[in-house]
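Inspection log for the structure reproduced underneath, given as structure tokens.
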Amino acid sequence: MTQTIRIAMWSGPRNMSTTIMRSFGARPEAVCVDEPFYAAWLAAAGEVHPMQEEILASQSSDPAVVARELLAPLPPGKTLQYQKQMTHHMLESFPLDWVSGVRHAFLVRHPGRVIASYTKKMGDVSLDAIGVPQQERLYREITERTGKAPPVVDSDQLLADPPEVLPRLCDALGIDWDPSMLGWAPGAKPEDGAWAPHWYDAVWKSSGFGPPPGDRPVLEGKAADIEKEALESYERLLQNHV
């Protein structure tokens, strides 16, 4: 019997997370899950986001139900499940007992880039909103629960050389490298969450990873203060990059 492999990629928002989902989704054996705890987080945290009603109607808001669904059998012909997980969606009260049956990786991006991108879509930004403290907490907890430190991927390094970085990531996850991960057809995909029309405009136009990153934005005021707070966590996580 062919082994079922489940991979959870843990990221904050505005961190190329949907692009990476496209990359794994280009593998013929893969099925993707887009931000499965989004509705549960909205309901539990009392947050209000664009397309709120559509999100709550599209997913279970019970985190225990979501966790069970993530371990359900895959569709016929699929042997690899890719989970696009958002670190800020995983409240400390949400179950993590399911993570031991999943392979994990963490996607990081320089906080200055994250904040600059986030503020274009949302009017206000905070350290918790960009998911950096939660990302470091989850890295520690998942390492403890699985007995293995997950590999870390940096968005800038990936954009600079996808054919070099992606095979290293696949190796760290224990899966074969597939060159099909370097490109995909543009447009919406069946796995895209209900929130996609608000957030995925650039990804819908893409067919690959795009050009290397340019200069980092220079932030001011509150945004610069948040960047400074987030940098220590980012740099600690980056020590484990592939």
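Residue numbering restarts at 1 for every chain of the structure tokens, chains are lettered A, B, ... in their displayed order, and ligands are numbered from 1 as they appear.
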
Counting only C-alpha atoms, which residues of region 145-212 of chain A sit at most 12 Å from some atom of region 55-70 of chain A, and what is each one's closest atom pair with its distance in Å to one decimal, listed by chain and rising residue number, as a Markdown table?
| residue | atom | partner | partner_atom | distance |
| --- | --- | --- | --- | --- |
| A:Glu191 | CA | A:Ser58 | CA | 11.7 |
| A:Asp192 | CA | A:Ser58 | CA | 11.1 |
| A:Gly193 | CA | A:Ile55 | CA | 7.7 |
| A:Ala194 | CA | A:Ile55 | CA | 5.5 |
| A:Trp195 | CA | A:Ile55 | CA | 6.4 |
| A:Ala196 | CA | A:Ile55 | CA | 9.9 |
| A:Pro197 | CA | A:Ile55 | CA | 11.5 |
| A:His198 | CA | A:Ile55 | CA | 11.5 |

Selected residues written out, N, CA and C atoms, as a PDB file, in the first residue's frame:
ATOM      1  N   GLU A 191      -8.729  24.321  -4.416  1.00  0.00           N
ATOM      2  CA  GLU A 191      -8.421  24.346  -2.987  1.00  0.00           C
ATOM      3  C   GLU A 191      -8.418  25.748  -2.385  1.00  0.00           C
ATOM      4  N   ASP A 192      -8.480  26.786  -3.214  1.00  0.00           N
ATOM      5  CA  ASP A 192      -8.420  28.153  -2.695  1.00  0.00           C
ATOM      6  C   ASP A 192      -9.563  28.426  -1.731  1.00  0.00           C
ATOM      7  N   GLY A 193      -9.226  29.032  -0.595  1.00  0.00           N
ATOM      8  CA  GLY A 193     -10.232  29.321   0.416  1.00  0.00           C
ATOM      9  C   GLY A 193     -11.241  30.367  -0.031  1.00  0.00           C
ATOM     10  N   ALA A 194     -12.331  30.475   0.729  1.00  0.00           N
ATOM     11  CA  ALA A 194     -13.396  31.430   0.404  1.00  0.00           C
ATOM     12  C   ALA A 194     -12.903  32.866   0.389  1.00  0.00           C
ATOM     13  N   TRP A 195     -11.796  33.142   1.074  1.00  0.00           N
ATOM     14  CA  TRP A 195     -11.226  34.485   1.194  1.00  0.00           C
ATOM     15  C   TRP A 195     -10.358  34.862   0.003  1.00  0.00           C
ATOM     16  N   ALA A 196     -10.145  33.928  -0.922  1.00  0.00           N
ATOM     17  CA  ALA A 196      -9.198  34.134  -2.011  1.00  0.00           C
ATOM     18  C   ALA A 196      -9.446  35.401  -2.827  1.00  0.00           C
ATOM     19  N   PRO A 197     -10.717  35.784  -3.145  1.00  0.00           N
ATOM     20  CA  PRO A 197     -10.903  36.991  -3.947  1.00  0.00           C
ATOM     21  C   PRO A 197     -10.322  38.257  -3.317  1.00  0.00           C
ATOM     22  N   HIS A 198     -10.208  38.284  -1.986  1.00  0.00           N
ATOM     23  CA  HIS A 198      -9.636  39.467  -1.331  1.00  0.00           C
ATOM     24  C   HIS A 198      -8.113  39.441  -1.323  1.00  0.00           C
TER      25      HIS A 198
END

Using only C-alpha atoms, I'd like a table of the residues in region 156-236 of chain A that come within 12 Å of region 6-15 of chain A; for each, show the closest atom pair and its distance in Å rounded to one decimal, ordered by chain and ascending number, as a tab-separated table.
residue	atom	partner	partner_atom	distance
A:Asp156	CA	A:Asn15	CA	9.8
A:Leu158	CA	A:Asn15	CA	11.4
A:Leu159	CA	A:Asn15	CA	11.4
A:Leu169	CA	A:Met9	CA	11.0
A:Cys170	CA	A:Ile7	CA	10.5
A:Ala172	CA	A:Ile7	CA	11.5
A:Leu173	CA	A:Ile7	CA	8.0
A:Gly174	CA	A:Ile7	CA	10.2
A:Ile175	CA	A:Ile7	CA	10.1
A:Trp199	CA	A:Arg14	CA	9.0
A:Tyr200	CA	A:Arg14	CA	10.2
A:Ala202	CA	A:Arg14	CA	11.3
A:Val203	CA	A:Arg14	CA	11.3
A:Ala230	CA	A:Gly12	CA	11.6
A:Tyr234	CA	A:Gly12	CA	11.1

TODO: Rank nothing, just name the residue among A:Ile5, A:Leu42, A:Leu231, A:Met51 nearest to Ala30 (chain A), using only C-alpha atoms.
DONE: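 When distances to Ala30 (chain A) are compared using only C-alpha atoms, the smallest one comes from A:Ile5.
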
Open item on the list: With only C-alpha atoms as the counted atoms, please give the residues lying no more than 12 Å from region 143-149 of chain A, apart from itself and same-chain residues fewer than 5 positions off, as a VMD selection string.
Closed with: chain A and resid 96 to 106 136 to 138 172 to 173 237 239 to 242

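DSSP annotation of region 84-141 of chain A from backbone atoms: strand (DSSP E or B) residues are Lys84, Gln85, Met86, Arg103, His104, Ala105, Phe106, Leu107 and Val108 of chain A.
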
Open item on the list: As an exercise, work out the distance from CA of Gly208 (chain A) to CA of Ala160 (chain A) in Å and give it to one decimal place.
Closed with: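 Between CA of Gly208 (chain A) and CA of Ala160 (chain A) the gap is 12.6 Å.
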
- [ ] Select, from A:Ala224, A:Ala26, A:Ile20, A:Met90, the residue with the minimum atom-to-atom distance to Met181 (chain A), counting only C-alpha atoms.
- [x]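 For Met181 (chain A), the nearest of the candidates is A:Ala26.
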
TODO: Would you please extract all helix (DSSP H, G or I) residues from region 96-242 of chain A, as assigned by DSSP on the backbone, and give them as an MDAnalysis selection string?
DONE: chainID A and resid 97:101 111:121 132:146 155:160 162:173 179:182 196:199 201:205 221:238

Task: Given only C-alpha atoms as the counted atoms, nearest of A:Met21, A:Ala43, A:Leu71, A:Ala223 to Phe209 (chain A) - done: A:Met21

Task: For Asp178 (chain A): contacts at 12 Å, only C-alpha atoms, fewer than 5 positions along chain excluded, given as a ChimeraX atom specification - done: /A:23-30,163,166-171,183

Filtering to N, CA, C and O atoms, could you give me those residues as a PDB file, in the first residue's frame?
ATOM      1  N   SER A  23       3.021  25.651  -5.553  1.00  0.00           N
ATOM      2  CA  SER A  23       4.162  24.831  -5.931  1.00  0.00           C
ATOM      3  C   SER A  23       3.924  23.366  -5.575  1.00  0.00           C
ATOM      4  O   SER A  23       4.104  22.468  -6.419  1.00  0.00           O
ATOM      5  N   PHE A  24       3.501  23.093  -4.353  1.00  0.00           N
ATOM      6  CA  PHE A  24       3.229  21.716  -3.958  1.00  0.00           C
ATOM      7  C   PHE A  24       1.997  21.171  -4.690  1.00  0.00           C
ATOM      8  O   PHE A  24       1.950  19.988  -5.038  1.00  0.00           O
ATOM      9  N   GLY A  25       1.028  22.031  -4.934  1.00  0.00           N
ATOM     10  CA  GLY A  25      -0.174  21.602  -5.634  1.00  0.00           C
ATOM     11  C   GLY A  25       0.080  21.208  -7.074  1.00  0.00           C
ATOM     12  O   GLY A  25      -0.744  20.517  -7.691  1.00  0.00           O
ATOM     13  N   ALA A  26       1.222  21.622  -7.635  1.00  0.00           N
ATOM     14  CA  ALA A  26       1.571  21.247  -9.010  1.00  0.00           C
ATOM     15  C   ALA A  26       2.029  19.798  -9.110  1.00  0.00           C
ATOM     16  O   ALA A  26       2.106  19.255 -10.217  1.00  0.00           O
ATOM     17  N   ARG A  27       2.322  19.179  -7.961  1.00  0.00           N
ATOM     18  CA  ARG A  27       2.701  17.766  -7.966  1.00  0.00           C
ATOM     19  C   ARG A  27       1.449  16.924  -8.243  1.00  0.00           C
ATOM     20  O   ARG A  27       0.409  17.127  -7.611  1.00  0.00           O
ATOM     21  N   PRO A  28       1.503  15.976  -9.159  1.00  0.00           N
ATOM     22  CA  PRO A  28       0.290  15.236  -9.536  1.00  0.00           C
ATOM     23  C   PRO A  28      -0.303  14.398  -8.405  1.00  0.00           C
ATOM     24  O   PRO A  28      -1.509  14.125  -8.414  1.00  0.00           O
ATOM     25  N   GLU A  29       0.505  13.999  -7.431  1.00  0.00           N
ATOM     26  CA  GLU A  29       0.005  13.156  -6.344  1.00  0.00           C
ATOM     27  C   GLU A  29      -0.518  13.960  -5.158  1.00  0.00           C
ATOM     28  O   GLU A  29      -0.971  13.385  -4.164  1.00  0.00           O
ATOM     29  N   ALA A  30      -0.475  15.301  -5.265  1.00  0.00           N
ATOM     30  CA  ALA A  30      -0.754  16.151  -4.102  1.00  0.00           C
ATOM     31  C   ALA A  30      -2.175  16.707  -4.098  1.00  0.00           C
ATOM     32  O   ALA A  30      -2.758  16.988  -5.151  1.00  0.00           O
ATOM     33  N   PRO A 163      15.082  26.618  -7.983  1.00  0.00           N
ATOM     34  CA  PRO A 163      15.585  25.275  -8.330  1.00  0.00           C
ATOM     35  C   PRO A 163      16.632  24.746  -7.360  1.00  0.00           C
ATOM     36  O   PRO A 163      16.909  23.547  -7.348  1.00  0.00           O
ATOM     37  N   LEU A 166      14.129  24.531  -3.353  1.00  0.00           N
ATOM     38  CA  LEU A 166      13.022  23.568  -3.278  1.00  0.00           C
ATOM     39  C   LEU A 166      13.494  22.114  -3.157  1.00  0.00           C
ATOM     40  O   LEU A 166      12.932  21.362  -2.355  1.00  0.00           O
ATOM     41  N   PRO A 167      14.506  21.674  -3.918  1.00  0.00           N
ATOM     42  CA  PRO A 167      14.973  20.295  -3.723  1.00  0.00           C
ATOM     43  C   PRO A 167      15.499  20.053  -2.305  1.00  0.00           C
ATOM     44  O   PRO A 167      15.315  18.955  -1.751  1.00  0.00           O
ATOM     45  N   ARG A 168      16.151  21.065  -1.715  1.00  0.00           N
ATOM     46  CA  ARG A 168      16.640  20.904  -0.342  1.00  0.00           C
ATOM     47  C   ARG A 168      15.473  20.767   0.626  1.00  0.00           C
ATOM     48  O   ARG A 168      15.523  19.978   1.582  1.00  0.00           O
ATOM     49  N   LEU A 169      14.402  21.519   0.386  1.00  0.00           N
ATOM     50  CA  LEU A 169      13.220  21.406   1.230  1.00  0.00           C
ATOM     51  C   LEU A 169      12.599  20.025   1.095  1.00  0.00           C
ATOM     52  O   LEU A 169      12.251  19.387   2.098  1.00  0.00           O
ATOM     53  N   CYS A 170      12.457  19.546  -0.135  1.00  0.00           N
ATOM     54  CA  CYS A 170      11.884  18.211  -0.346  1.00  0.00           C
ATOM     55  C   CYS A 170      12.722  17.152   0.364  1.00  0.00           C
ATOM     56  O   CYS A 170      12.171  16.237   1.000  1.00  0.00           O
ATOM     57  N   ASP A 171      14.024  17.268   0.276  1.00  0.00           N
ATOM     58  CA  ASP A 171      14.903  16.307   0.933  1.00  0.00           C
ATOM     59  C   ASP A 171      14.698  16.342   2.447  1.00  0.00           C
ATOM     60  O   ASP A 171      14.634  15.292   3.100  1.00  0.00           O
ATOM     61  N   GLY A 183       6.462  25.478 -11.575  1.00  0.00           N
ATOM     62  CA  GLY A 183       5.492  26.239 -12.356  1.00  0.00           C
ATOM     63  C   GLY A 183       4.101  25.649 -12.277  1.00  0.00           C
ATOM     64  O   GLY A 183       3.928  24.477 -11.941  1.00  0.00           O
TER      65      GLY A 183
END

Open item on the list: Env of Glu232 (chain A): 12 Å cut, atoms = only C-alpha atoms, seq-sep filter 4 positions within chain, self excluded. Answer as a PyMOL selection string.
Closed with: chain A and resi 110-111+132-133+136+226-228+236-239

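Comparing A:Ala44, A:Pro211, A:His49, A:Ser206 by their smallest distance to Lys121 (chain A), the closest is A:His49 (using only C-alpha atoms).
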
TODO: Tell me which of A:Ser207, A:Glu235, A:Glu92, A:Val48 sits closest to Ala188 (chain A), counting only C-alpha atoms.
DONE: A:Ser207

Task: Between CA of Gln157 (chain A) and CA of Met16 (chain A), distance in Å (one decimal) - done: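 Answer for the CA of Gln157 (chain A) to CA of Met16 (chain A) separation: 11.9 Å.
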